[in-house]
Structure formats: structure tokens, C-alpha cells
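So this one's input_11.txt, compact mmCIF, C-alpha atoms:
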# COMPACT_ATOMS: atom_id res chain seq x y z
CA MET A 140 18.19 -46.79 24.44
CA GLN A 141 21.68 -46.28 23.04
CA ILE A 142 22.77 -43.33 21.06
CA ALA A 143 26.28 -43.06 19.68
CA GLU A 144 28.13 -40.16 21.26
CA ARG A 145 29.52 -38.94 18.00
CA ILE A 146 28.43 -39.25 14.43
CA SER A 147 31.24 -40.14 12.06
CA PRO A 148 31.40 -38.50 8.62
CA SER A 149 30.43 -41.81 7.01
CA GLN A 150 27.35 -42.01 9.22
CA LEU A 151 26.49 -38.47 8.28
CA GLY A 152 26.59 -39.57 4.64
CA ALA A 153 24.41 -42.55 5.52
CA TYR A 154 21.80 -40.26 7.11
CA TYR A 155 21.84 -38.15 3.96
CA GLU A 156 21.32 -41.29 1.85
CA CYS A 157 18.35 -42.24 4.08
CA CYS A 158 16.64 -39.06 2.86
CA LYS A 159 16.61 -40.33 -0.77
CA PRO A 160 17.94 -36.97 -2.02
CA LYS A 161 17.15 -37.61 -5.71
CA VAL A 162 13.49 -38.30 -4.95
CA VAL A 163 13.33 -35.26 -2.67
CA TYR A 164 14.73 -33.01 -5.40
CA LEU A 165 12.16 -34.24 -7.96
CA ILE A 166 9.39 -33.63 -5.39
CA LEU A 167 10.74 -30.12 -4.73
CA PHE A 168 10.81 -29.44 -8.47
CA THR A 169 7.13 -30.39 -8.95
CA ALA A 170 6.28 -28.40 -5.82
CA PHE A 171 8.21 -25.39 -7.15
CA VAL A 172 6.25 -25.47 -10.42
CA GLY A 173 2.96 -25.85 -8.53
CA MET A 174 3.89 -22.80 -6.49
CA LEU A 175 4.78 -20.63 -9.50
CA LEU A 176 1.54 -21.51 -11.30
CA SER A 177 -0.52 -20.48 -8.30
CA THR A 178 -0.14 -16.73 -8.62
CA ASP A 179 0.04 -14.28 -11.48
CA GLY A 180 2.95 -12.36 -10.09
CA MET A 181 5.92 -13.64 -8.14
CA VAL A 182 5.31 -15.79 -5.07
CA PRO A 183 6.74 -13.94 -2.04
CA LEU A 184 10.29 -15.26 -1.68
CA ASP A 185 10.07 -15.93 2.06
CA ARG A 186 6.92 -17.99 1.59
CA MET A 187 8.53 -19.94 -1.24
CA PHE A 188 11.67 -20.59 0.82
CA TRP A 189 9.87 -21.79 3.95
CA GLY A 190 7.27 -23.71 1.94
CA LEU A 191 9.86 -25.64 -0.08
CA LEU A 192 12.01 -26.20 3.02
CA GLY A 193 9.03 -27.63 4.92
CA ILE A 194 7.98 -29.86 2.01
CA GLY A 195 11.59 -31.05 1.48
CA LEU A 196 12.09 -31.87 5.17
CA ALA A 197 8.84 -33.84 5.27
CA ALA A 198 9.76 -35.77 2.12
CA ALA A 199 13.15 -36.61 3.65
CA ALA A 200 11.44 -37.75 6.88
CA GLY A 201 9.13 -40.03 4.91
CA ALA A 202 12.10 -41.50 3.02
CA ALA A 203 13.99 -42.17 6.26
CA LEU A 204 10.95 -43.90 7.80
CA ASN A 205 10.69 -45.99 4.64
CA HIS A 206 14.30 -47.19 5.13
CA VAL A 207 13.47 -48.43 8.63
CA ILE A 208 10.14 -50.05 7.80
CA ASP A 209 11.54 -51.75 4.68
CA GLU A 210 14.80 -52.98 6.24
CA GLU A 211 14.04 -56.65 5.60
CA ILE A 212 12.61 -56.17 2.10
CA ASP A 213 15.59 -53.99 1.17
CA GLN A 214 18.03 -56.67 2.33
CA ARG A 215 16.49 -59.17 -0.07
CA MET A 216 16.46 -56.94 -3.14
CA GLU A 217 19.42 -56.36 -5.45
CA ARG A 218 18.43 -52.75 -6.04
CA THR A 219 18.19 -51.77 -2.37
CA ARG A 220 20.45 -54.06 -0.39
CA SER A 221 23.15 -51.43 0.05
CA ARG A 222 20.85 -48.99 1.88
CA PRO A 223 22.34 -47.90 5.23
CA VAL A 224 19.68 -49.40 7.51
CA ALA A 225 19.52 -52.65 5.52
CA GLN A 226 23.34 -52.85 5.82
CA GLY A 227 23.19 -52.31 9.57
CA ILE A 228 25.26 -49.11 9.34
CA LEU A 229 22.58 -47.09 11.15
CA PRO A 230 20.42 -48.42 14.04
CA PRO A 231 16.68 -48.27 13.21
CA LEU A 232 15.82 -46.37 16.38
CA ASN A 233 18.29 -43.60 15.57
CA VAL A 234 16.94 -43.25 12.04
CA VAL A 235 13.37 -43.07 13.36
CA MET A 236 14.35 -40.32 15.78
CA PHE A 237 16.10 -38.53 12.93
CA ALA A 238 12.92 -38.84 10.82
CA CYS A 239 10.68 -37.63 13.66
CA THR A 240 12.96 -34.63 14.19
CA LEU A 241 12.72 -33.73 10.49
CA ALA A 242 8.91 -34.17 10.56
CA ILE A 243 8.51 -31.97 13.65
CA LEU A 244 10.86 -29.34 12.19
CA SER A 245 8.91 -29.37 8.92
CA THR A 246 5.57 -28.97 10.71
CA LEU A 247 6.88 -26.14 12.91
CA ILE A 248 8.28 -24.29 9.89
CA LEU A 249 5.07 -24.66 7.86
CA LEU A 250 2.86 -23.68 10.81
CA THR A 251 4.97 -20.68 11.72
CA PHE A 252 5.98 -19.25 8.36
CA VAL A 253 3.41 -20.64 5.89
CA ASN A 254 -0.05 -21.82 6.94
CA THR A 255 -1.96 -24.62 8.66
CA LEU A 256 -3.47 -26.07 5.48
CA THR A 257 0.03 -26.60 4.06
CA ALA A 258 1.27 -28.16 7.31
CA LEU A 259 -1.63 -30.62 7.38
CA LEU A 260 -1.40 -31.55 3.68
CA THR A 261 2.36 -32.07 4.03
CA LEU A 262 1.93 -34.29 7.09
CA ALA A 263 -0.81 -36.21 5.28
CA SER A 264 1.36 -36.93 2.24
CA MET A 265 4.23 -38.03 4.47
CA VAL A 266 2.00 -40.38 6.46
CA GLY A 267 0.43 -41.54 3.18
CA TYR A 268 3.83 -42.54 1.83
CA ALA A 269 5.72 -43.78 4.87
CA ILE A 270 2.91 -45.42 6.83
CA ILE A 271 -0.05 -46.20 4.56
CA TYR A 272 1.99 -47.11 1.47
CA THR A 273 5.18 -48.60 2.91
CA LEU A 274 3.81 -50.28 6.01
CA PHE A 275 0.52 -51.60 4.61
CA LEU A 276 -0.24 -51.27 0.88
CA LYS A 277 3.19 -52.27 -0.45
CA ARG A 278 3.01 -55.56 1.45
CA SER A 279 -0.58 -56.46 0.85
CA THR A 280 -1.93 -55.58 -2.61
CA PRO A 281 -0.75 -55.36 -6.24
CA GLN A 282 -2.63 -52.03 -6.37
CA ASN A 283 -0.05 -50.72 -3.86
CA ILE A 284 1.55 -48.15 -6.15
CA VAL A 285 -1.76 -47.01 -7.64
CA ILE A 286 -3.12 -45.97 -4.25
CA GLY A 287 0.29 -44.97 -2.90
CA GLY A 288 0.78 -42.79 -5.97
CA ALA A 289 -1.72 -40.36 -4.49
CA ALA A 290 0.83 -39.47 -1.80
CA GLY A 291 3.51 -38.89 -4.43
CA ALA A 292 1.14 -36.70 -6.45
CA LEU A 293 0.38 -34.32 -3.59
CA PRO A 294 3.48 -32.03 -3.60
CA PRO A 295 2.21 -29.57 -6.26
CA VAL A 296 -1.12 -29.40 -4.41
CA VAL A 297 0.69 -28.74 -1.14
CA ALA A 298 2.85 -26.09 -2.79
CA TRP A 299 -0.21 -24.36 -4.23
CA ALA A 300 -1.74 -24.31 -0.76
CA ALA A 301 1.50 -22.89 0.60
CA ALA A 302 1.50 -20.03 -1.89
CA THR A 303 -2.19 -19.13 -1.79
CA GLY A 304 -3.64 -20.62 1.41
CA SER A 305 -6.38 -22.28 -0.65
CA LEU A 306 -6.91 -24.89 -3.38
CA SER A 307 -8.14 -24.76 -6.95
CA VAL A 308 -8.54 -26.79 -10.16
CA GLU A 309 -5.00 -26.38 -11.57
CA PRO A 310 -3.15 -28.12 -8.72
CA LEU A 311 -5.69 -30.95 -8.92
CA LEU A 312 -4.86 -31.31 -12.63
CA LEU A 313 -1.17 -31.57 -11.75
CA PHE A 314 -2.14 -34.12 -9.09
CA LEU A 315 -4.00 -36.22 -11.68
CA ILE A 316 -1.05 -36.15 -14.09
CA ILE A 317 1.38 -37.53 -11.47
CA PHE A 318 -1.27 -39.95 -10.21
CA PHE A 319 -1.80 -41.59 -13.63
CA TRP A 320 1.90 -41.41 -14.41
CA THR A 321 2.90 -43.49 -11.38
CA PRO A 322 1.51 -46.94 -12.43
CA PRO A 323 3.13 -47.17 -15.90
CA HIS A 324 6.35 -45.78 -14.42
CA PHE A 325 6.57 -48.25 -11.54
CA TRP A 326 5.18 -51.27 -13.36
CA ALA A 327 7.82 -50.82 -16.08
CA LEU A 328 10.41 -50.98 -13.29
CA ALA A 329 8.63 -53.94 -11.66
CA LEU A 330 8.62 -55.81 -15.00
CA PHE A 331 12.40 -55.92 -15.24
CA ARG A 332 12.86 -56.27 -11.47
CA SER A 333 10.12 -58.82 -10.87
CA ASP A 334 12.58 -61.50 -9.61
CA ASP A 335 13.76 -59.01 -7.03
CA TYR A 336 10.22 -58.27 -5.82
CA ALA A 337 9.30 -61.98 -5.81
CA ARG A 338 12.35 -62.78 -3.65
CA ALA A 339 11.39 -60.05 -1.19
CA ASN A 340 7.79 -61.33 -1.17
CA VAL A 341 6.40 -57.96 -2.31
CA PRO A 342 3.13 -58.46 -4.24
CA MET A 343 3.96 -56.22 -7.20
CA LEU A 344 1.60 -56.64 -10.16
CA PRO A 345 4.03 -58.66 -12.38
CA VAL A 346 4.70 -61.03 -9.46
CA VAL A 347 1.02 -61.59 -8.66
CA ALA A 348 -0.79 -61.20 -11.99
CA GLY A 349 2.06 -61.97 -14.39
CA GLY A 350 3.82 -60.02 -17.12
CA ASP A 351 0.98 -60.06 -19.67
CA ALA A 352 -1.60 -58.55 -17.31
CA THR A 353 0.98 -55.93 -16.26
CA ARG A 354 1.71 -55.00 -19.89
CA LEU A 355 -1.99 -54.48 -20.58
CA GLN A 356 -2.37 -52.33 -17.45
CA ILE A 357 0.68 -50.25 -18.44
CA LEU A 358 -0.82 -49.60 -21.87
CA LEU A 359 -4.26 -48.68 -20.48
CA TYR A 360 -2.85 -46.35 -17.83
CA THR A 361 -0.59 -44.70 -20.42
CA ILE A 362 -3.61 -43.94 -22.65
CA VAL A 363 -5.42 -42.36 -19.70
CA LEU A 364 -2.23 -40.50 -18.72
CA VAL A 365 -1.79 -38.94 -22.17
CA ALA A 366 -5.44 -37.84 -22.18
CA VAL A 367 -5.25 -36.42 -18.65
CA ALA A 368 -1.97 -34.63 -19.41
CA ALA A 369 -3.42 -32.98 -22.54
CA ALA A 370 -6.85 -32.15 -21.06
CA PRO A 371 -5.85 -28.87 -19.35
CA TRP A 372 -5.28 -27.37 -22.83
CA PRO A 373 -8.85 -27.74 -24.25
CA MET A 374 -10.16 -27.01 -20.77
CA GLY A 375 -8.39 -23.66 -20.97
CA TYR A 376 -6.15 -24.01 -17.92
CA PHE A 377 -2.80 -24.32 -19.73
CA ASP A 378 -2.09 -22.94 -23.21
CA ALA A 379 -1.33 -24.45 -26.63
CA VAL A 380 2.46 -24.60 -26.13
CA TYR A 381 1.87 -26.89 -23.18
CA GLY A 382 -0.91 -28.79 -24.96
CA VAL A 383 1.08 -29.56 -28.10
CA SER A 384 4.25 -30.54 -26.21
CA SER A 385 2.23 -32.75 -23.90
CA LEU A 386 0.77 -34.54 -26.95
CA VAL A 387 4.22 -34.97 -28.53
CA LEU A 388 5.71 -36.30 -25.29
CA GLY A 389 2.58 -38.43 -24.82
CA ALA A 390 3.08 -39.97 -28.26
CA GLY A 391 6.53 -41.05 -27.08
CA MET A 392 5.06 -42.62 -23.94
CA LEU A 393 2.38 -44.41 -25.98
CA TYR A 394 4.91 -45.73 -28.49
CA LEU A 395 7.15 -47.11 -25.73
CA ALA A 396 4.18 -48.57 -23.82
CA ALA A 397 3.03 -50.29 -27.03
CA GLN A 398 6.55 -51.70 -27.47
CA VAL A 399 6.38 -53.07 -23.91
CA TYR A 400 3.01 -54.58 -24.77
CA ARG A 401 4.27 -56.23 -27.96
CA ARG A 402 7.70 -57.47 -26.85
CA ARG A 403 7.10 -60.07 -24.18
CA GLU A 404 10.07 -62.42 -24.35
CA GLY A 405 13.76 -62.30 -23.56
CA LYS A 406 16.12 -59.37 -23.85
CA ALA A 407 13.82 -57.34 -26.13
CA ALA A 408 11.15 -57.37 -23.41
CA VAL A 409 13.60 -56.21 -20.73
CA ARG A 410 14.95 -53.51 -23.02
CA ALA A 411 11.45 -52.24 -23.83
CA ALA A 412 10.52 -52.02 -20.13
CA ARG A 413 13.78 -50.24 -19.29
CA ARG A 414 13.25 -47.70 -22.06
CA LEU A 415 9.71 -46.95 -20.93
CA PHE A 416 10.90 -46.57 -17.34
CA GLY A 417 13.69 -44.19 -18.36
CA PHE A 418 11.50 -42.15 -20.68
CA SER A 419 8.70 -41.88 -18.10
CA ILE A 420 11.02 -39.91 -15.79
CA LEU A 421 11.99 -37.59 -18.63
CA TYR A 422 8.30 -37.26 -19.60
CA LEU A 423 7.15 -36.05 -16.19
CA PHE A 424 10.15 -33.78 -15.77
CA ALA A 425 9.60 -32.27 -19.24
CA LEU A 426 5.87 -31.62 -18.67
CA PHE A 427 6.60 -29.69 -15.50
CA ALA A 428 9.61 -27.95 -17.06
CA ILE A 429 7.39 -26.66 -19.89
CA LEU A 430 4.90 -25.27 -17.38
CA LEU A 431 7.81 -23.66 -15.54
CA LEU A 432 9.22 -22.15 -18.75
CA GLU A 433 5.85 -20.68 -19.66
CA VAL A 434 5.59 -18.97 -16.29
CA VAL A 435 9.12 -17.59 -16.67
CA VAL A 436 8.48 -16.41 -20.24
CA ALA A 437 5.17 -14.82 -19.25
CA ALA A 438 6.93 -12.97 -16.44
CA ALA A 439 9.88 -11.89 -18.63
CA MET A 440 7.79 -10.68 -21.61
CA PRO A 441 6.56 -7.41 -20.10
CA MET A 442 10.07 -6.67 -18.86
CA LEU A 443 11.61 -7.22 -22.30
CA PHE A 444 8.96 -5.61 -24.45
CA GLY A 445 7.50 -3.14 -22.01
CA MET B 180 -1.56 -63.02 -2.03
CA ASP B 181 -1.36 -66.47 -3.57
CA ASP B 182 -0.23 -69.01 -0.97
CA LYS B 183 1.72 -70.99 -3.54
CA GLN B 184 4.14 -68.11 -3.92
CA GLU B 185 5.22 -68.10 -0.29
CA PRO B 186 8.96 -68.83 -0.07
CA PRO B 187 9.89 -71.99 1.86
CA GLY B 188 9.90 -69.93 5.05
CA ILE B 189 12.59 -67.68 6.45
CA VAL B 190 14.03 -68.55 9.83
CA LEU B 191 15.33 -65.53 11.68
CA THR B 192 18.53 -65.73 13.72
CA GLU B 193 18.60 -64.32 17.27
CA ALA B 194 20.36 -61.19 16.03
CA GLN B 195 17.70 -60.69 13.36
CA LYS B 196 14.90 -61.19 15.89
CA LYS B 197 16.47 -58.57 18.14
CA ARG B 198 16.74 -56.21 15.20
CA GLN B 199 13.10 -56.92 14.29
CA ARG B 200 11.99 -56.05 17.84
CA GLU B 201 14.02 -52.85 17.77
CA ARG B 202 12.46 -51.95 14.45
CA SER B 203 8.93 -52.61 15.68
CA ILE B 204 9.48 -50.39 18.72
CA ALA B 205 10.98 -47.69 16.50
CA ILE B 206 8.03 -47.77 14.09
CA ALA B 207 5.55 -47.66 16.98
CA LEU B 208 7.38 -44.59 18.33
CA ALA B 209 7.26 -42.91 14.94
CA LEU B 210 3.53 -43.57 14.66
CA GLY B 211 2.99 -42.11 18.13
CA VAL B 212 4.92 -38.96 17.24
CA LEU B 213 2.96 -38.53 13.99
CA VAL B 214 -0.38 -38.94 15.78
CA LEU B 215 0.68 -36.29 18.30
CA LEU B 216 1.83 -34.00 15.48
CA PHE B 217 -1.48 -34.32 13.65
CA PHE B 218 -3.36 -33.64 16.87
CA ALA B 219 -1.19 -30.63 17.64
CA VAL B 220 -1.51 -29.07 14.17
CA THR B 221 -5.27 -29.50 14.18
CA MET B 222 -5.52 -27.93 17.62
CA VAL B 223 -3.28 -24.98 16.78
CA ARG B 224 -5.73 -23.39 14.35
CA GLY B 225 -8.83 -25.45 15.04
CA PRO B 226 -10.38 -28.25 12.93
CA ALA B 227 -12.05 -25.65 10.71
CA VAL B 228 -8.72 -25.39 8.90
CA LEU B 229 -10.00 -27.68 6.16
CA VAL B 230 -13.02 -25.50 5.42
CA ARG B 231 -11.53 -23.50 2.57
CA PRO B 232 -12.85 -21.68 -0.45
CA MET B 233 -12.02 -23.71 -3.56
Now that the file is in, can you turn its structure into C-alpha cells?
Amino acid sequence: MQIAERISPSQLGAYYECCKPKVVYLILFTAFVGMLLSTDGMVPLDRMFWGLLGIGLAAAAGAALNHVIDEEIDQRMERTRSRPVAQGILPPLNVVMFACTLAILSTLILLTFVNTLTALLTLASMVGYAIIYTLFLKRSTPQNIVIGGAAGALPPVVAWAAATGSLSVEPLLLFLIIFFWTPPHFWALALFRSDDYARANVPMLPVVAGGDATRLQILLYTIVLVAVAAAPWPMGYFDAVYGVSSLVLGAGMLYLAAQVYRRREGKAAVRAARRLFGFSILYLFALFAILLLEVVVAAAMPMLFG
Amino acid sequence: MDDKQEPPGIVLTEAQKKRQRERSIAIALALGVLVLLFFAVTMVRGPAVLVRPM
């Protein structure tokens, strides 16, 4: 076993890149919102700090494991070929030890400063992403991202558990929103990257079932997504401000998904898929941002108006 | 997956094979560590940790 004696600054940057920082920050954002929704008053700051730190470290560990497991796939795909492990900048064994260190640190932090339920849920979502999704599902079935999406949808649930030590309906609603959001989001990407996935031998839906089947699935999942995202309003969990904005944003998603469904050839098809992909990120971010704003406004109201 | 979509076969060089072995060992190690972690967390507070009021 060889370990370099010193880590150069460029390697340090490569380790940081292995953590997929942008993904980790989006996860932390959804977790943060899940945490704020969980209690009427303010979540104790120390609990929030340690909870988010533990969740972030685990997400980074999962991302680093993904870089090692996917080395060969990444080398064959345009989008990922410059990743540090795929480029041979970092040895796989070192990255795995880095990931294990992050995972152990995360577990210790959550066990010590938060609670056992959070530690277990966090570990489960990391294993769900890095091992079950990356190592098995991604390589074997076109339903890979549907099932794997469950791991990506767990952070708000985990954060709720961190803040309250228990679970409830609201975090499960947030879970369902991310869960049904994942397929249209990823299949839009897979539509305009299908050559890439075919070259890497990854059985993404457009590669296996073709573009038409994928477009239909995107449309169907988007309809379910819009319904699931609006449901908490009539169910009385989130209020009308959320409900109406979710319907407006949902109309945007539906329009773009219908465009993807209708435009099947040439540049127009690629453009439609790219627009849906781009908007889907904004959509999810906006839904959670509205929930966040409501919590902030609800907390500020009594202070402003006594 | 559909057999017809298999690429014409990828032949690994010696260096790639070595890298593949390294990667397999690394992944096995990671799995081992995660199994131990799960075991440890469950033991710390007992398996009843998942019995929670909803």
C-alpha cells in the first residue's frame, strides 16, 4: 500500500472535486429546509450545525466513492472524463480511504452530537447512493435513477430526524417531491447525453428503450410530480402561498415536458431536453426556497408586528 | 440489457488491469468499513433505535 508523503495543492483541489461540492450544497440546502420545517421555533443552533456537518460529510463520502467505482464509465463519457480518479490524478485506494474517513467522521459526529436515528439514516442514504445505486443499479437496469432517486430524496428526512429525533408526514412529503422529480430531471439529461451513456455501456432509459419511450415517461412522471408537489396544500401541511407557487412552477415543468414530448427530431429536440433539464433544477430549488421563506416570514412576523 | 448493444469488446492493457485490481480491492475495503460502521452504530444504542413514534 503506497501513500504519497505529501499532498500537493493540486491534489488537495482534486480531493475537493471528488466530493462533488455543487451536489453537496444542494443536498445541504434541502436538508436545511427540512430541518427548519420540523419545529415551530428555531432549531437549536448546535444541533443544526452538527446535523448539517454530518449530512454534508456523508454526502461528500458518497460522492468520492462514486468517483472510484465509476472510474471506467467516467473515462468513456464526455461529461465526466476530466474527473480526478478517471484522469489518474488520484489513486483509487487513497480516495477510498479519504471517503471512509469522511464517513466515519460523519457517523461519529451524528452519534455524539445529534442522535442515532440520524446517524443510521445518513449512513443508509450514503450506502444507497454509492453502493446500491452506483455499483449495482446504474449498471444493470434502466430504472436505475428511479430507485436510486430514493437515496437522493432522503436528506430532508434525515434533517428532520436530526432536529426532532423522530419522523412525521411532512418530511415524507418532501421525500416524495424529490423522488418524483428525479426521473424527469435525469432522463432529460440522458436524452441529450444518450450517446455518452451508450458509449460507456450504461443502460439509461433512452439507450435501452429509445427516445420516444423516454419522452412518454418524462411526461407521465412530470404529471405525477406536479400533483405530488401541490398535494401538501389541500392536505393542510403547507399553506396557499406554497400551493399556488407550486402549481405555477409545475405549469412550467409540464409545458417544458410537453415540448420534450412533441419535439423529437434534431436540434429542437436537444434544445427542449436541455431546457427541461435546466428548469427542473430551478423548479426544485424554488419549491424548497418558498418553504424556507415561509418559515422565515412566519418567524419574523411576531418580531415585526409584536 | 440487450446483447446487440454490447460494444465490440474492450481489451484492457496491463496498466488498466492493474488499476482495475486496485479499484476492486479499494471498493471491497470501503464495503467492509461501511458494514463495520453500520454494525457499530446499531450496537451503540441497540437495534431498537428504529422503533420511533411517527
Give me, as a Markdown table, each residue of chain A that comes within 8 Å of chain B, together with its shortest interatomic pair and the distance in Å at one decimal, counting all atoms listed in the file, with rows ordered by chain and rising residue number.
| residue | atom | partner | partner_atom | distance |
| --- | --- | --- | --- | --- |
| A:Leu204 | CA | B:Ile206 | CA | 7.9 |
| A:Val207 | CA | B:Arg202 | CA | 6.9 |
| A:Ile208 | CA | B:Ile206 | CA | 7.0 |
| A:Pro231 | CA | B:Arg202 | CA | 5.7 |
| A:Leu232 | CA | B:Ala205 | CA | 5.0 |
| A:Val235 | CA | B:Ala205 | CA | 6.1 |
| A:Met236 | CA | B:Ala209 | CA | 7.6 |
| A:Cys239 | CA | B:Ala209 | CA | 6.4 |
| A:Ile243 | CA | B:Leu216 | CA | 7.2 |
| A:Thr246 | CA | B:Leu216 | CA | 7.9 |
| A:Leu250 | CA | B:Val220 | CA | 7.7 |
| A:Thr255 | CA | B:Val228 | CA | 6.8 |
| A:Leu256 | CA | B:Val228 | CA | 6.3 |
| A:Ala258 | CA | B:Val220 | CA | 7.5 |
| A:Leu259 | CA | B:Val220 | CA | 7.0 |
| A:Leu262 | CA | B:Phe217 | CA | 7.4 |
| A:Val266 | CA | B:Leu213 | CA | 7.8 |
| A:Ser279 | CA | B:Met180 | CA | 7.2 |
| A:Thr280 | CA | B:Met180 | CA | 7.5 |
| A:Ser305 | CA | B:Arg231 | CA | 6.2 |
| A:Leu306 | CA | B:Met233 | CA | 5.2 |
| A:Ser307 | CA | B:Met233 | CA | 5.3 |
| A:Arg338 | CA | B:Pro186 | CA | 7.8 |
| A:Asn340 | CA | B:Glu185 | CA | 7.3 |
| A:Pro342 | CA | B:Met180 | CA | 6.9 |
| A:Val347 | CA | B:Met180 | CA | 7.3 |
Problem set entry | One-decimal distance in Å that lies between atom CA of Met216 of chain A and atom CA of Ala339 of chain A |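 Going from atom CA of Ala339 of chain A over to atom CA of Met216 of chain A, I get 6.3 Å.
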Exercise. Leaving out segment 267-274 of chain A and any residue of its chain fewer than 2 positions from it, which residues lie within 8 Å of it when counting only C-alpha atoms, given as a list in words?
Worked result: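 In the requested format, the answer is Gly201, Ala202, Leu204, Asn205, Ile208, Asp209, Ala263, Ser264, Met265, Leu276, Lys277, Arg278, Asn283, Ile284, Ile286, Gly287, Ala290 and Gly291 of chain A.
You will find atom CA of Ala292 of chain A at 16.9 Å from atom CA of Lys159 of chain A.
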For this session: Work out how far apart atom CA of Ile316 of chain A and atom CA of Tyr422 of chain A are and give it in Å to one decimal.
Result: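 So the two atoms, atom CA of Ile316 of chain A and atom CA of Tyr422 of chain A, lie 10.9 Å apart.
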For this session: Find the residues near segment 423-435 of chain A: any atom within 8 Å, counting all atoms listed in the file, skip ones fewer than 5 places away on the same chain, and give them as a list in words.
Result: Thr169, Val172, Leu175, Leu176, Ile317, Trp320, Tyr381, Ser384 and Ser385 of chain A
Exercise. Hey, what's within 9 Å of Arg354 of chain A if we count all atoms listed in the file and toss same-chain stuff fewer than 5 positions away? As number ranges by chain, please?
Worked result: A: 323, 326-327, 330, 345, 349, 359, 396-397, 399-401, 403
Exercise. For Ile228 of chain A, which residue among A:Ile146, A:Leu241, A:Ala390, A:Leu293 is the nearest when counting all atoms listed in the file?
Worked result: A:Ile146
For this session: Select, from A:Met187, A:Thr257, A:Ile248, A:Arg402, the residue with the minimum atom-to-atom distance to Ala300 of chain A, counting all atoms listed in the file.
Result: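 Among A:Met187, A:Thr257, A:Ile248, A:Arg402, it is A:Thr257 that comes nearest to Ala300 of chain A.
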Problem set entry | Selection near Ala197 of chain A, 6 Å with only C-alpha atoms, sequence-local residues under 2 positions removed, as a PyMOL selection string | chain A and resi 194-195+199-200+242+245
Extract segment 197-214 of chain B from the preceding block and save N, CA and C atoms as a PDB file, in the first residue's frame.
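Output below, filename result_23.pdb:
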ATOM      1  N   LYS B 197      -4.174  -3.611 -13.855  1.00  0.00           N
ATOM      2  CA  LYS B 197      -3.628  -3.361 -12.526  1.00  0.00           C
ATOM      3  C   LYS B 197      -4.520  -2.357 -11.786  1.00  0.00           C
ATOM      4  N   ARG B 198      -4.905  -1.334 -12.526  1.00  0.00           N
ATOM      5  CA  ARG B 198      -5.765  -0.289 -11.958  1.00  0.00           C
ATOM      6  C   ARG B 198      -7.116  -0.897 -11.552  1.00  0.00           C
ATOM      7  N   GLN B 199      -7.626  -1.795 -12.386  1.00  0.00           N
ATOM      8  CA  GLN B 199      -8.909  -2.434 -12.084  1.00  0.00           C
ATOM      9  C   GLN B 199      -8.807  -3.258 -10.793  1.00  0.00           C
ATOM     10  N   ARG B 200      -7.679  -3.985 -10.642  1.00  0.00           N
ATOM     11  CA  ARG B 200      -7.492  -4.772  -9.418  1.00  0.00           C
ATOM     12  C   ARG B 200      -7.445  -3.866  -8.202  1.00  0.00           C
ATOM     13  N   GLU B 201      -6.652  -2.793  -8.339  1.00  0.00           N
ATOM     14  CA  GLU B 201      -6.550  -1.826  -7.233  1.00  0.00           C
ATOM     15  C   GLU B 201      -7.927  -1.311  -6.841  1.00  0.00           C
ATOM     16  N   ARG B 202      -8.718  -1.010  -7.882  1.00  0.00           N
ATOM     17  CA  ARG B 202     -10.039  -0.431  -7.636  1.00  0.00           C
ATOM     18  C   ARG B 202     -10.940  -1.440  -6.929  1.00  0.00           C
ATOM     19  N   SER B 203     -10.857  -2.706  -7.386  1.00  0.00           N
ATOM     20  CA  SER B 203     -11.691  -3.734  -6.756  1.00  0.00           C
ATOM     21  C   SER B 203     -11.347  -3.883  -5.280  1.00  0.00           C
ATOM     22  N   ILE B 204     -10.030  -3.901  -4.980  1.00  0.00           N
ATOM     23  CA  ILE B 204      -9.615  -4.035  -3.580  1.00  0.00           C
ATOM     24  C   ILE B 204     -10.121  -2.835  -2.779  1.00  0.00           C
ATOM     25  N   ALA B 205      -9.979  -1.643  -3.376  1.00  0.00           N
ATOM     26  CA  ALA B 205     -10.410  -0.429  -2.692  1.00  0.00           C
ATOM     27  C   ALA B 205     -11.910  -0.466  -2.384  1.00  0.00           C
ATOM     28  N   ILE B 206     -12.707  -0.903  -3.376  1.00  0.00           N
ATOM     29  CA  ILE B 206     -14.160  -0.943  -3.166  1.00  0.00           C
ATOM     30  C   ILE B 206     -14.518  -1.964  -2.093  1.00  0.00           C
ATOM     31  N   ALA B 207     -13.823  -3.117  -2.126  1.00  0.00           N
ATOM     32  CA  ALA B 207     -14.065  -4.148  -1.109  1.00  0.00           C
ATOM     33  C   ALA B 207     -13.772  -3.590   0.280  1.00  0.00           C
ATOM     34  N   LEU B 208     -12.658  -2.852   0.398  1.00  0.00           N
ATOM     35  CA  LEU B 208     -12.303  -2.228   1.680  1.00  0.00           C
ATOM     36  C   LEU B 208     -13.397  -1.276   2.155  1.00  0.00           C
ATOM     37  N   ALA B 209     -13.868  -0.455   1.211  1.00  0.00           N
ATOM     38  CA  ALA B 209     -14.907   0.515   1.558  1.00  0.00           C
ATOM     39  C   ALA B 209     -16.161  -0.192   2.054  1.00  0.00           C
ATOM     40  N   LEU B 210     -16.540  -1.260   1.361  1.00  0.00           N
ATOM     41  CA  LEU B 210     -17.715  -2.026   1.777  1.00  0.00           C
ATOM     42  C   LEU B 210     -17.531  -2.568   3.186  1.00  0.00           C
ATOM     43  N   GLY B 211     -16.328  -3.113   3.445  1.00  0.00           N
ATOM     44  CA  GLY B 211     -16.027  -3.656   4.774  1.00  0.00           C
ATOM     45  C   GLY B 211     -16.186  -2.596   5.845  1.00  0.00           C
ATOM     46  N   VAL B 212     -15.615  -1.416   5.588  1.00  0.00           N
ATOM     47  CA  VAL B 212     -15.694  -0.321   6.561  1.00  0.00           C
ATOM     48  C   VAL B 212     -17.155   0.065   6.810  1.00  0.00           C
ATOM     49  N   LEU B 213     -17.953   0.125   5.725  1.00  0.00           N
ATOM     50  CA  LEU B 213     -19.355   0.533   5.889  1.00  0.00           C
ATOM     51  C   LEU B 213     -20.145  -0.508   6.690  1.00  0.00           C
ATOM     52  N   VAL B 214     -19.868  -1.792   6.425  1.00  0.00           N
ATOM     53  CA  VAL B 214     -20.541  -2.844   7.193  1.00  0.00           C
ATOM     54  C   VAL B 214     -20.216  -2.693   8.678  1.00  0.00           C
TER      55      VAL B 214
END
